[in-house]
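Student: Would you mind keeping the following structure in view while I ask a few things?
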Amino acid sequence: MADQRREQGDGRDPRKDAQDVPRGPGRAALPEEARAWEALVATARRTVAEGLVVGTSGNVSVRVGETVLVTPSGVPYDRLAPDDITGVALDGRQVLGTLVPTSELPMHLAIHRSTDARAVVHTHAVHATAVSTLVPELPTIHYMSAALGGPVRVAPYATYGTDELAENMLRALADRTACLLQNHGTMAHGATLDQACDRTAQLEWMCRLWLTASSVPGLSPTLLTREQLDEVGEKLKGYGQR
């Protein structure tokens with residue numbers, strides 16, 4: 001959100017102001033970090049292509065060892081290049097690059113420090129954000145809720161980029177791999193960038209489904225019970241190729 005406003009503010013490319021940003025240790029990226037950065041940029045561009053993000057109103061991170069690579073603040077994803085690699089340590093110290101990391105860094109680091117996730121995707125997806133303003137938990141409109149760990153909770157609102165928002169998010173993510181952020185958007189994590197992005201897309205689809213079903217005058221959508229979700233959760237453990 002703030003990143004999007006920066007981009008629309010004066011039209012400057014934030015990379016041109018890199019000399020104004022205090023430089024970190026300036027170490028060169030390791031080969032695995034360079035590969036991970038390429039995948040991160042591809043994932044960030046995917047969120048735009050799939051309509052999950054407008055402008056720079058989202059962010060992506062991936063962990064490589066003890067370093068967390070993150071999208072930089074205010075740089076459109078189609079302009080990101082290999083030299084723009086941005087990385088921080090788990091304590092938030094910048095260790096790679098000179099671009100300012102995303103303003104939502106506290107949320108990303110909270111997940112990387114508290115879970116075994118290797119990738120995190122945050123978006124302002126429109127249907128998911130709409131649902132976040134209506135209910136404290138996404139109604140169980142579809143059994144794929146089980147694929148995210150159960151009913152998707154809504155984290156109470158807090159100002160973007162704050163520790164308060166990160167704390168609210170972690171509570172909503174307990175035993176879950178995705179949550180909604182009230183009046184804000186989505187947060188999802190996974191073992192890979194693809195998995196985190198797929199979960200984000202799945203959450204947006206379920207939110208759109210519920211809004212669509214709820215909009216029919218005089219009717220209310222049938223919801224699944226916790227027992228039904230638990231049954232699906234067990235079944236999903238054996239889903240897919242081995």
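Here, A, B, ... name the chains of the structure tokens in the order displayed, residue numbers run from 1 inside each chain, and ligands are numbered from 1 in the same displayed order.
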Just the residues within 10 Å of stretch 46-60 of chain A, please, counting only C-alpha atoms, with nothing from its chain fewer than 2 positions along; format it as a compact mmCIF listing (two decimals) with all heavy atoms, in the first residue's frame.

Tutor:
```txt
# COMPACT_ATOMS: atom_id res chain seq x y z
N MET A 1 0.82 -1.18 0.00
CA MET A 1 0.00 0.00 0.00
C MET A 1 0.87 1.24 0.00
O MET A 1 0.77 2.09 -0.85
CB MET A 1 -0.93 -0.02 1.21
CG MET A 1 -1.81 1.20 1.34
SD MET A 1 -3.11 0.92 2.57
CE MET A 1 -2.10 0.51 4.00
N ALA A 2 1.73 1.34 0.98
CA ALA A 2 2.64 2.49 1.02
C ALA A 2 3.57 2.45 -0.17
O ALA A 2 3.92 3.48 -0.75
CB ALA A 2 3.44 2.49 2.31
N ASP A 3 4.01 1.22 -0.56
CA ASP A 3 4.89 1.08 -1.71
C ASP A 3 4.22 1.62 -2.96
O ASP A 3 4.84 2.27 -3.79
CB ASP A 3 5.23 -0.40 -1.92
CG ASP A 3 6.11 -0.93 -0.81
OD1 ASP A 3 6.65 -0.14 -0.03
OD2 ASP A 3 6.25 -2.15 -0.74
N GLN A 4 2.90 1.36 -3.11
CA GLN A 4 2.20 1.82 -4.29
C GLN A 4 2.14 3.33 -4.30
O GLN A 4 2.30 3.96 -5.34
CB GLN A 4 0.79 1.22 -4.29
CG GLN A 4 0.03 1.45 -5.59
CD GLN A 4 -1.29 0.72 -5.61
OE1 GLN A 4 -1.81 0.35 -4.56
NE2 GLN A 4 -1.82 0.50 -6.78
N ARG A 5 1.92 3.95 -3.13
CA ARG A 5 1.86 5.41 -3.08
C ARG A 5 3.21 6.02 -3.45
O ARG A 5 3.29 7.04 -4.11
CB ARG A 5 1.42 5.86 -1.68
CG ARG A 5 -0.04 5.62 -1.40
CD ARG A 5 -0.48 6.51 -0.26
NE ARG A 5 0.22 6.17 0.97
CZ ARG A 5 -0.26 5.30 1.84
NH1 ARG A 5 -1.37 4.66 1.60
NH2 ARG A 5 0.41 5.05 2.95
N ARG A 6 4.30 5.39 -3.00
CA ARG A 6 5.61 5.91 -3.34
C ARG A 6 5.83 5.91 -4.85
O ARG A 6 6.35 6.85 -5.43
CB ARG A 6 6.71 5.06 -2.68
CG ARG A 6 6.81 5.26 -1.18
CD ARG A 6 8.12 4.65 -0.69
NE ARG A 6 8.12 4.54 0.75
CZ ARG A 6 7.77 3.44 1.41
NH1 ARG A 6 7.39 2.38 0.74
NH2 ARG A 6 7.80 3.41 2.71
N GLU A 7 5.41 4.80 -5.47
CA GLU A 7 5.62 4.67 -6.91
C GLU A 7 4.86 5.76 -7.65
O GLU A 7 5.34 6.32 -8.62
CB GLU A 7 5.13 3.30 -7.38
CG GLU A 7 5.29 3.10 -8.87
CD GLU A 7 4.53 1.89 -9.35
OE1 GLU A 7 3.98 1.17 -8.51
OE2 GLU A 7 4.49 1.68 -10.57
N GLN A 8 3.63 6.10 -7.18
CA GLN A 8 2.81 7.06 -7.88
C GLN A 8 3.11 8.49 -7.46
O GLN A 8 2.59 9.44 -8.04
CB GLN A 8 1.33 6.74 -7.60
CG GLN A 8 0.92 5.38 -8.15
CD GLN A 8 -0.46 4.98 -7.70
OE1 GLN A 8 -1.01 5.60 -6.79
NE2 GLN A 8 -1.02 3.97 -8.33
N LEU A 40 12.21 -15.46 -7.18
CA LEU A 40 11.39 -14.51 -6.44
C LEU A 40 10.81 -13.46 -7.39
O LEU A 40 9.62 -13.12 -7.31
CB LEU A 40 12.23 -13.84 -5.35
CG LEU A 40 11.55 -12.77 -4.49
CD1 LEU A 40 12.13 -12.77 -3.08
CD2 LEU A 40 11.70 -11.36 -5.09
N VAL A 41 11.63 -12.93 -8.28
CA VAL A 41 11.16 -11.93 -9.24
C VAL A 41 10.06 -12.52 -10.13
O VAL A 41 9.05 -11.88 -10.41
CB VAL A 41 12.32 -11.37 -10.08
CG1 VAL A 41 11.81 -10.48 -11.22
CG2 VAL A 41 13.28 -10.58 -9.19
N ALA A 42 10.25 -13.76 -10.57
CA ALA A 42 9.25 -14.41 -11.40
C ALA A 42 7.93 -14.56 -10.64
O ALA A 42 6.84 -14.37 -11.21
CB ALA A 42 9.76 -15.78 -11.86
N THR A 43 8.01 -14.90 -9.36
CA THR A 43 6.80 -15.04 -8.55
C THR A 43 6.12 -13.69 -8.35
O THR A 43 4.89 -13.59 -8.44
CB THR A 43 7.15 -15.65 -7.18
OG1 THR A 43 7.73 -16.94 -7.38
CG2 THR A 43 5.92 -15.77 -6.31
N ALA A 44 6.89 -12.65 -8.10
CA ALA A 44 6.32 -11.32 -7.94
C ALA A 44 5.58 -10.90 -9.20
O ALA A 44 4.47 -10.35 -9.15
CB ALA A 44 7.42 -10.31 -7.59
N VAL A 62 11.76 -14.97 0.11
CA VAL A 62 12.19 -16.37 0.09
C VAL A 62 13.44 -16.49 0.95
O VAL A 62 14.31 -15.61 0.91
CB VAL A 62 12.44 -16.86 -1.36
CG1 VAL A 62 13.56 -16.09 -2.03
CG2 VAL A 62 12.74 -18.35 -1.38
N LEU A 69 15.59 -13.09 1.18
CA LEU A 69 15.51 -12.20 0.03
C LEU A 69 14.09 -11.64 -0.03
O LEU A 69 13.11 -12.37 0.12
CB LEU A 69 15.83 -12.95 -1.26
CG LEU A 69 17.15 -13.71 -1.30
CD1 LEU A 69 17.32 -14.39 -2.65
CD2 LEU A 69 18.32 -12.78 -1.02
N VAL A 70 13.98 -10.33 -0.28
CA VAL A 70 12.66 -9.68 -0.30
C VAL A 70 12.58 -8.72 -1.48
O VAL A 70 13.60 -8.19 -1.94
CB VAL A 70 12.38 -8.91 1.00
CG1 VAL A 70 12.30 -9.84 2.19
CG2 VAL A 70 13.44 -7.83 1.25
N THR A 71 11.37 -8.48 -1.94
CA THR A 71 11.18 -7.45 -2.95
C THR A 71 11.46 -6.09 -2.32
O THR A 71 11.10 -5.85 -1.18
CB THR A 71 9.75 -7.48 -3.50
OG1 THR A 71 8.82 -7.57 -2.41
CG2 THR A 71 9.54 -8.66 -4.44
N PRO A 72 12.10 -5.19 -3.06
CA PRO A 72 12.38 -3.86 -2.53
C PRO A 72 11.15 -2.97 -2.57
O PRO A 72 10.18 -3.25 -3.30
CB PRO A 72 13.48 -3.34 -3.47
CG PRO A 72 13.22 -4.05 -4.76
CD PRO A 72 12.71 -5.41 -4.38
N SER A 73 11.18 -1.91 -1.79
CA SER A 73 10.04 -1.01 -1.68
C SER A 73 9.89 -0.15 -2.93
O SER A 73 10.84 0.50 -3.38
CB SER A 73 10.24 -0.11 -0.45
OG SER A 73 9.19 0.81 -0.33
N GLY A 74 8.68 -0.14 -3.49
CA GLY A 74 8.35 0.81 -4.53
C GLY A 74 8.92 0.58 -5.91
O GLY A 74 8.81 1.46 -6.76
N VAL A 75 9.52 -0.56 -6.17
CA VAL A 75 10.07 -0.83 -7.50
C VAL A 75 9.12 -1.77 -8.25
O VAL A 75 8.90 -2.89 -7.80
CB VAL A 75 11.47 -1.48 -7.42
CG1 VAL A 75 12.03 -1.70 -8.83
CG2 VAL A 75 12.42 -0.60 -6.62
N PRO A 76 8.55 -1.33 -9.37
CA PRO A 76 7.68 -2.23 -10.15
C PRO A 76 8.41 -3.51 -10.51
O PRO A 76 9.59 -3.49 -10.87
CB PRO A 76 7.37 -1.39 -11.40
CG PRO A 76 7.50 0.03 -10.94
CD PRO A 76 8.64 0.01 -9.97
N TYR A 77 7.71 -4.62 -10.43
CA TYR A 77 8.36 -5.91 -10.60
C TYR A 77 8.94 -6.11 -11.99
O TYR A 77 9.93 -6.83 -12.15
CB TYR A 77 7.37 -7.03 -10.27
CG TYR A 77 6.83 -6.97 -8.86
CD1 TYR A 77 5.52 -7.33 -8.57
CD2 TYR A 77 7.65 -6.54 -7.81
CE1 TYR A 77 5.03 -7.27 -7.28
CE2 TYR A 77 7.16 -6.47 -6.51
CZ TYR A 77 5.85 -6.84 -6.25
OH TYR A 77 5.37 -6.77 -4.97
N ASP A 78 8.35 -5.47 -12.99
CA ASP A 78 8.89 -5.65 -14.35
C ASP A 78 10.20 -4.91 -14.55
O ASP A 78 10.86 -5.07 -15.57
CB ASP A 78 7.88 -5.24 -15.41
CG ASP A 78 7.47 -3.78 -15.32
OD1 ASP A 78 7.89 -3.08 -14.37
OD2 ASP A 78 6.70 -3.34 -16.20
N PRO A 101 14.33 -2.47 1.57
CA PRO A 101 13.42 -3.62 1.54
C PRO A 101 11.96 -3.20 1.68
O PRO A 101 11.66 -2.09 2.13
CB PRO A 101 13.86 -4.45 2.75
CG PRO A 101 15.26 -4.01 3.03
CD PRO A 101 15.29 -2.56 2.68
N THR A 102 11.05 -4.08 1.31
CA THR A 102 9.63 -3.81 1.44
C THR A 102 9.25 -3.27 2.81
O THR A 102 9.83 -3.65 3.83
CB THR A 102 8.82 -5.10 1.19
OG1 THR A 102 7.45 -4.86 1.51
CG2 THR A 102 9.32 -6.24 2.04
N SER A 103 8.25 -2.39 2.82
CA SER A 103 7.78 -1.82 4.09
C SER A 103 7.12 -2.87 4.97
O SER A 103 6.94 -2.66 6.17
CB SER A 103 6.79 -0.68 3.82
OG SER A 103 5.69 -1.15 3.05
N GLU A 104 6.74 -4.01 4.39
CA GLU A 104 6.11 -5.07 5.16
C GLU A 104 7.12 -6.10 5.67
O GLU A 104 6.75 -7.23 6.00
CB GLU A 104 5.03 -5.78 4.32
CG GLU A 104 3.90 -4.89 3.87
CD GLU A 104 3.00 -4.42 5.02
OE1 GLU A 104 3.35 -4.65 6.19
OE2 GLU A 104 1.95 -3.83 4.73
N LEU A 105 8.37 -5.71 5.75
CA LEU A 105 9.42 -6.61 6.22
C LEU A 105 9.09 -7.25 7.58
O LEU A 105 9.37 -8.43 7.77
CB LEU A 105 10.76 -5.87 6.28
CG LEU A 105 11.99 -6.71 6.62
CD1 LEU A 105 12.21 -7.81 5.58
CD2 LEU A 105 13.23 -5.82 6.73
N HIS A 108 7.07 -10.44 7.03
CA HIS A 108 7.85 -11.51 6.41
C HIS A 108 8.81 -12.14 7.40
O HIS A 108 8.90 -13.37 7.50
CB HIS A 108 8.61 -10.95 5.21
CG HIS A 108 7.75 -10.66 4.03
ND1 HIS A 108 7.54 -11.57 3.01
CD2 HIS A 108 7.02 -9.56 3.71
CE1 HIS A 108 6.73 -11.03 2.11
NE2 HIS A 108 6.40 -9.82 2.52
N ALA A 119 9.06 -19.51 1.93
CA ALA A 119 8.60 -18.47 1.02
C ALA A 119 7.31 -17.84 1.55
O ALA A 119 6.49 -18.53 2.17
CB ALA A 119 8.37 -19.04 -0.37
N VAL A 120 7.15 -16.55 1.31
CA VAL A 120 5.98 -15.80 1.78
C VAL A 120 5.50 -14.88 0.66
O VAL A 120 6.32 -14.24 -0.01
CB VAL A 120 6.32 -14.96 3.03
CG1 VAL A 120 5.10 -14.16 3.50
CG2 VAL A 120 6.85 -15.84 4.15
N VAL A 121 4.18 -14.82 0.48
CA VAL A 121 3.58 -13.93 -0.51
C VAL A 121 2.51 -13.09 0.17
O VAL A 121 1.62 -13.64 0.85
CB VAL A 121 2.97 -14.72 -1.68
CG1 VAL A 121 2.19 -13.78 -2.62
CG2 VAL A 121 4.05 -15.45 -2.47
N HIS A 122 2.58 -11.78 -0.01
CA HIS A 122 1.58 -10.84 0.51
C HIS A 122 0.96 -10.09 -0.66
O HIS A 122 1.69 -9.60 -1.53
CB HIS A 122 2.24 -9.86 1.48
CG HIS A 122 1.38 -8.67 1.82
ND1 HIS A 122 0.09 -8.80 2.31
CD2 HIS A 122 1.61 -7.34 1.71
CE1 HIS A 122 -0.41 -7.59 2.52
NE2 HIS A 122 0.49 -6.69 2.15
N THR A 123 -0.38 -10.00 -0.69
CA THR A 123 -1.05 -9.27 -1.76
C THR A 123 -2.20 -8.44 -1.21
O THR A 123 -2.60 -8.58 -0.05
CB THR A 123 -1.64 -10.22 -2.83
OG1 THR A 123 -2.88 -10.78 -2.33
CG2 THR A 123 -0.68 -11.35 -3.19
N HIS A 124 -2.73 -7.59 -2.09
CA HIS A 124 -3.95 -6.83 -1.80
C HIS A 124 -5.07 -7.33 -2.72
O HIS A 124 -5.84 -6.54 -3.25
CB HIS A 124 -3.72 -5.34 -2.02
CG HIS A 124 -2.75 -4.73 -1.07
ND1 HIS A 124 -2.38 -3.40 -1.12
CD2 HIS A 124 -2.04 -5.26 -0.02
CE1 HIS A 124 -1.49 -3.13 -0.17
NE2 HIS A 124 -1.27 -4.25 0.51
N ALA A 125 -5.13 -8.64 -2.93
CA ALA A 125 -6.13 -9.23 -3.83
C ALA A 125 -7.53 -8.72 -3.49
O ALA A 125 -7.94 -8.72 -2.33
CB ALA A 125 -6.06 -10.75 -3.72
N VAL A 126 -8.27 -8.31 -4.51
CA VAL A 126 -9.50 -7.53 -4.29
C VAL A 126 -10.59 -8.31 -3.55
O VAL A 126 -11.19 -7.78 -2.61
CB VAL A 126 -10.02 -6.96 -5.62
CG1 VAL A 126 -10.41 -8.05 -6.60
CG2 VAL A 126 -11.18 -6.01 -5.36
N HIS A 127 -10.88 -9.55 -3.94
CA HIS A 127 -11.96 -10.28 -3.29
C HIS A 127 -11.59 -10.66 -1.85
O HIS A 127 -12.42 -10.58 -0.95
CB HIS A 127 -12.32 -11.53 -4.09
CG HIS A 127 -12.84 -11.22 -5.46
ND1 HIS A 127 -12.00 -11.19 -6.56
CD2 HIS A 127 -14.07 -10.89 -5.90
CE1 HIS A 127 -12.72 -10.88 -7.63
NE2 HIS A 127 -13.96 -10.68 -7.27
N ALA A 128 -10.35 -11.05 -1.66
CA ALA A 128 -9.88 -11.40 -0.32
C ALA A 128 -9.91 -10.17 0.59
O ALA A 128 -10.31 -10.26 1.75
CB ALA A 128 -8.48 -11.99 -0.39
N GLY A 185 -5.39 -7.17 3.08
CA GLY A 185 -5.08 -8.12 2.02
C GLY A 185 -4.86 -9.53 2.52
O GLY A 185 -5.53 -9.98 3.46
N THR A 186 -3.90 -10.22 1.91
CA THR A 186 -3.65 -11.63 2.22
C THR A 186 -2.21 -11.86 2.64
O THR A 186 -1.32 -11.08 2.28
CB THR A 186 -3.91 -12.52 0.99
OG1 THR A 186 -2.90 -12.28 0.00
CG2 THR A 186 -5.28 -12.25 0.38
N MET A 187 -1.99 -12.96 3.35
CA MET A 187 -0.65 -13.42 3.69
C MET A 187 -0.66 -14.93 3.58
O MET A 187 -1.53 -15.60 4.15
CB MET A 187 -0.28 -12.99 5.11
CG MET A 187 1.19 -12.78 5.33
SD MET A 187 1.79 -11.30 4.47
CE MET A 187 3.54 -11.40 4.85
N ALA A 188 0.29 -15.48 2.83
CA ALA A 188 0.38 -16.93 2.70
C ALA A 188 1.84 -17.34 2.66
O ALA A 188 2.69 -16.60 2.17
CB ALA A 188 -0.34 -17.41 1.43
N HIS A 189 2.12 -18.53 3.18
CA HIS A 189 3.49 -19.02 3.14
C HIS A 189 3.52 -20.47 2.70
O HIS A 189 2.48 -21.15 2.66
CB HIS A 189 4.20 -18.83 4.49
CG HIS A 189 3.60 -19.61 5.63
ND1 HIS A 189 3.75 -20.98 5.77
CD2 HIS A 189 2.86 -19.22 6.70
CE1 HIS A 189 3.15 -21.38 6.86
NE2 HIS A 189 2.57 -20.34 7.45
N LEU A 193 8.23 -20.96 -3.34
CA LEU A 193 7.55 -19.78 -3.85
C LEU A 193 6.27 -20.16 -4.59
O LEU A 193 5.24 -19.49 -4.44
CB LEU A 193 8.49 -19.01 -4.78
CG LEU A 193 9.60 -18.22 -4.08
CD1 LEU A 193 10.72 -17.87 -5.06
CD2 LEU A 193 9.03 -16.94 -3.46
N ASP A 194 6.32 -21.21 -5.38
CA ASP A 194 5.13 -21.64 -6.11
C ASP A 194 4.01 -22.01 -5.14
O ASP A 194 2.85 -21.67 -5.37
CB ASP A 194 5.45 -22.84 -7.01
CG ASP A 194 6.15 -22.44 -8.30
OD1 ASP A 194 6.10 -21.24 -8.66
OD2 ASP A 194 6.74 -23.33 -8.95
N ALA A 196 3.52 -20.99 -2.01
CA ALA A 196 2.99 -19.80 -1.34
C ALA A 196 2.09 -19.01 -2.29
O ALA A 196 1.04 -18.50 -1.88
CB ALA A 196 4.14 -18.93 -0.84
N CYS A 197 2.47 -18.92 -3.56
CA CYS A 197 1.67 -18.18 -4.53
C CYS A 197 0.39 -18.94 -4.85
O CYS A 197 -0.69 -18.34 -4.98
CB CYS A 197 2.48 -17.93 -5.79
SG CYS A 197 1.81 -16.62 -6.84
N ASP A 198 0.48 -20.26 -4.99
CA ASP A 198 -0.71 -21.08 -5.24
C ASP A 198 -1.72 -20.92 -4.11
O ASP A 198 -2.93 -20.85 -4.34
CB ASP A 198 -0.33 -22.55 -5.39
CG ASP A 198 0.41 -22.85 -6.69
OD1 ASP A 198 0.39 -22.00 -7.59
OD2 ASP A 198 1.01 -23.95 -6.77
N THR A 200 -2.07 -18.38 -2.14
CA THR A 200 -2.65 -17.04 -2.25
C THR A 200 -3.77 -17.03 -3.29
O THR A 200 -4.85 -16.48 -3.04
CB THR A 200 -1.56 -16.03 -2.66
OG1 THR A 200 -0.51 -16.04 -1.69
CG2 THR A 200 -2.14 -14.62 -2.76
N ALA A 201 -3.51 -17.62 -4.44
CA ALA A 201 -4.52 -17.68 -5.49
C ALA A 201 -5.74 -18.48 -5.04
O ALA A 201 -6.88 -18.11 -5.34
CB ALA A 201 -3.92 -18.28 -6.75
N GLU A 204 -7.81 -16.30 -2.67
CA GLU A 204 -8.55 -15.29 -3.42
C GLU A 204 -9.76 -15.91 -4.11
O GLU A 204 -10.85 -15.33 -4.12
CB GLU A 204 -7.62 -14.62 -4.43
CG GLU A 204 -8.31 -13.74 -5.47
CD GLU A 204 -8.95 -12.47 -4.93
OE1 GLU A 204 -8.96 -12.27 -3.69
OE2 GLU A 204 -9.46 -11.68 -5.74
```

Student: Contacts of A:Glu137 at 7 Å or less, counting only C-alpha atoms, minus same-chain residues fewer than 2 places along, as a PyMOL selection string?

Tutor: chain A and resi 135+139+151-154

Student: Keeping all heavy atoms, export the residues of the selection given above as a short mmCIF file (atom, residue, chain, number, x, y, z; two decimals), in the first residue's frame.

Tutor:
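Output (part-v5.cif):
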```
data_model
loop_
_atom_site.label_atom_id
_atom_site.label_comp_id
_atom_site.auth_asym_id
_atom_site.auth_seq_id
_atom_site.Cartn_x
_atom_site.Cartn_y
_atom_site.Cartn_z
N VAL A 135 -16.04 -10.11 7.72
CA VAL A 135 -16.16 -11.22 8.67
C VAL A 135 -14.83 -11.43 9.41
O VAL A 135 -13.77 -11.04 8.93
CB VAL A 135 -16.55 -12.53 7.96
CG1 VAL A 135 -17.96 -12.46 7.41
CG2 VAL A 135 -15.55 -12.83 6.83
N PRO A 139 -15.99 -17.78 5.84
CA PRO A 139 -16.90 -18.91 5.99
C PRO A 139 -16.43 -20.11 5.16
O PRO A 139 -15.86 -19.94 4.07
CB PRO A 139 -18.24 -18.36 5.48
CG PRO A 139 -18.14 -16.88 5.76
CD PRO A 139 -16.70 -16.54 5.47
N PRO A 151 -10.33 -23.28 8.63
CA PRO A 151 -10.97 -22.00 8.35
C PRO A 151 -9.97 -20.84 8.39
O PRO A 151 -9.16 -20.75 9.31
CB PRO A 151 -12.00 -21.88 9.48
CG PRO A 151 -12.31 -23.30 9.84
CD PRO A 151 -11.02 -24.04 9.69
N VAL A 152 -10.01 -20.00 7.39
CA VAL A 152 -9.04 -18.91 7.26
C VAL A 152 -9.46 -17.74 8.13
O VAL A 152 -10.55 -17.18 7.97
CB VAL A 152 -8.93 -18.46 5.79
CG1 VAL A 152 -7.96 -17.29 5.67
CG2 VAL A 152 -8.48 -19.63 4.92
N ARG A 153 -8.60 -17.37 9.06
CA ARG A 153 -8.90 -16.29 10.00
C ARG A 153 -8.55 -14.92 9.41
O ARG A 153 -7.72 -14.82 8.49
CB ARG A 153 -8.12 -16.48 11.30
CG ARG A 153 -8.30 -17.86 11.95
CD ARG A 153 -7.52 -17.94 13.25
NE ARG A 153 -7.51 -19.30 13.80
CZ ARG A 153 -6.50 -20.14 13.71
NH1 ARG A 153 -5.38 -19.75 13.08
NH2 ARG A 153 -6.57 -21.35 14.23
N VAL A 154 -9.14 -13.89 10.00
CA VAL A 154 -8.84 -12.51 9.63
C VAL A 154 -8.06 -11.87 10.78
O VAL A 154 -8.56 -11.79 11.91
CB VAL A 154 -10.12 -11.70 9.35
CG1 VAL A 154 -9.76 -10.25 9.00
CG2 VAL A 154 -10.92 -12.34 8.22
#
```

Student: Please determine, counting only C-alpha atoms, which residue among A:Gln228, A:Gly161, A:Thr140, A:Leu109 has the shortest atom-to-atom distance to A:Trp210.

Tutor: A:Thr140

Student: If DSSP is run on the backbone, what residues of stretch 16-227 of chain A are strand (DSSP E)? A reply as a CSV table (one decimal) with N, CA and C atoms, in the first residue's frame would be ideal.

Tutor:
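Output below, filename selection.csv:
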```
chain,number,residue,atom,x,y,z
A,59,ASN,N,4.2,-7.9,-1.8
A,59,ASN,CA,5.6,-8.2,-1.7
A,59,ASN,C,5.8,-9.7,-1.5
A,60,VAL,N,7.0,-10.1,-1.8
A,60,VAL,CA,7.4,-11.6,-1.8
A,60,VAL,C,8.7,-11.7,-1.1
A,61,SER,N,8.9,-12.8,-0.4
A,61,SER,CA,10.2,-13.2,0.2
A,61,SER,C,10.5,-14.6,0.1
A,62,VAL,N,11.8,-15.0,0.1
A,62,VAL,CA,12.2,-16.4,0.1
A,62,VAL,C,13.4,-16.5,0.9
A,63,ARG,N,13.5,-17.5,1.7
A,63,ARG,CA,14.7,-17.7,2.6
A,63,ARG,C,15.7,-18.7,2.0
A,64,VAL,N,16.9,-18.2,2.1
A,64,VAL,CA,18.1,-19.0,1.6
A,64,VAL,C,19.1,-19.1,2.8
A,67,THR,N,19.6,-16.0,5.2
A,67,THR,CA,19.3,-14.8,4.6
A,67,THR,C,17.9,-14.9,4.0
A,68,VAL,N,17.1,-13.7,4.1
A,68,VAL,CA,15.8,-13.6,3.5
A,68,VAL,C,15.8,-12.6,2.4
A,69,LEU,N,15.6,-13.1,1.2
A,69,LEU,CA,15.5,-12.2,0.0
A,69,LEU,C,14.1,-11.6,0.0
A,70,VAL,N,14.0,-10.3,-0.3
A,70,VAL,CA,12.7,-9.7,-0.3
A,70,VAL,C,12.6,-8.7,-1.5
A,87,GLY,N,18.5,-8.4,0.3
A,87,GLY,CA,18.4,-9.5,1.3
A,87,GLY,C,18.7,-9.0,2.7
A,88,VAL,N,18.1,-9.6,3.6
A,88,VAL,CA,18.3,-9.2,5.0
A,88,VAL,C,18.5,-10.4,5.9
A,89,ALA,N,19.2,-10.2,7.0
A,89,ALA,CA,19.3,-11.3,8.0
A,89,ALA,C,18.0,-11.4,8.7
A,94,GLN,N,20.2,-5.4,6.8
A,94,GLN,CA,20.4,-5.6,5.3
A,94,GLN,C,21.8,-6.2,5.0
A,95,VAL,N,21.8,-7.3,4.3
A,95,VAL,CA,23.1,-7.9,4.0
A,95,VAL,C,23.4,-8.0,2.5
A,96,LEU,N,22.4,-7.7,1.7
A,96,LEU,CA,22.5,-7.8,0.3
A,96,LEU,C,21.8,-6.6,-0.4
A,119,ALA,N,9.1,-19.5,1.9
A,119,ALA,CA,8.6,-18.5,1.0
A,119,ALA,C,7.3,-17.8,1.6
A,120,VAL,N,7.2,-16.5,1.3
A,120,VAL,CA,6.0,-15.8,1.8
A,120,VAL,C,5.5,-14.9,0.7
A,121,VAL,N,4.2,-14.8,0.5
A,121,VAL,CA,3.6,-13.9,-0.5
A,121,VAL,C,2.5,-13.1,0.2
A,122,HIS,N,2.6,-11.8,0.0
A,122,HIS,CA,1.6,-10.8,0.5
A,122,HIS,C,1.0,-10.1,-0.7
A,123,THR,N,-0.4,-10.0,-0.7
A,123,THR,CA,-1.0,-9.3,-1.8
A,123,THR,C,-2.2,-8.4,-1.2
A,154,VAL,N,-9.1,-13.9,10.0
A,154,VAL,CA,-8.8,-12.5,9.6
A,154,VAL,C,-8.1,-11.9,10.8
A,155,ALA,N,-6.8,-11.4,10.5
A,155,ALA,CA,-6.0,-10.7,11.5
A,155,ALA,C,-6.6,-9.3,11.7
A,178,ALA,N,-2.2,-19.6,5.6
A,178,ALA,CA,-2.7,-18.4,5.0
A,178,ALA,C,-3.7,-17.7,5.9
A,179,CYS,N,-3.8,-16.4,5.8
A,179,CYS,CA,-4.7,-15.6,6.6
A,179,CYS,C,-5.1,-14.4,5.8
A,180,LEU,N,-6.2,-13.7,6.2
A,180,LEU,CA,-6.5,-12.4,5.7
A,180,LEU,C,-6.1,-11.4,6.7
A,181,LEU,N,-5.8,-10.2,6.2
A,181,LEU,CA,-5.5,-9.0,7.0
A,181,LEU,C,-6.6,-8.0,6.9
A,185,GLY,N,-5.4,-7.2,3.1
A,185,GLY,CA,-5.1,-8.1,2.0
A,185,GLY,C,-4.9,-9.5,2.5
A,186,THR,N,-3.9,-10.2,1.9
A,186,THR,CA,-3.7,-11.6,2.2
A,186,THR,C,-2.2,-11.9,2.6
A,187,MET,N,-2.0,-13.0,3.4
A,187,MET,CA,-0.7,-13.4,3.7
A,187,MET,C,-0.7,-14.9,3.6
A,188,ALA,N,0.3,-15.5,2.8
A,188,ALA,CA,0.4,-16.9,2.7
A,188,ALA,C,1.8,-17.3,2.7
A,189,HIS,N,2.1,-18.5,3.2
A,189,HIS,CA,3.5,-19.0,3.1
A,189,HIS,C,3.5,-20.5,2.7
A,190,GLY,N,4.7,-20.9,2.3
A,190,GLY,CA,4.8,-22.3,1.9
A,190,GLY,C,6.3,-22.8,1.9
```

Student: Counting only C-alpha atoms, figure out which residue out of A:Leu223, A:Leu165, A:Lys237, A:Ile141 gets nearest to A:Leu203.

Tutor: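 Nearest to A:Leu203: A:Ile141.
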
Student: For the atom pair atom CA of A:Arg45 and atom CA of A:His184, what is the interatomic distance in Å to one decimal place?

Tutor: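 Distance reported for this atom pair: 20.0 Å.
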
Student: For atom CA of A:Gly97 and atom CA of A:Thr192, determine how far apart the two atoms are, in Å to one decimal place.

Tutor: 22.6 Å

Student: Could you pull out the alpha helix (DSSP H) residues of stretch 35-191 of chain A from DSSP and send them as a VMD selection string?

Tutor: chain A and resid 35 to 49 105 to 114 126 to 132 163 to 172

Student: Could you check the closest approach to A:Leu229 for each of A:Leu173, A:Ala146, A:Val131, A:Ala158 and tell me which residue wins, using only C-alpha atoms?

Tutor: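 Nearest candidate to A:Leu229 out of A:Leu173, A:Ala146, A:Val131, A:Ala158: A:Ala146.
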
Student: Between A:Asn183, A:Thr129, A:Ser114, A:Thr225, which has the minimum distance to A:Gly150 (counting only C-alpha atoms)?

Tutor: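 Under the stated criterion, the closest residue is A:Thr225.
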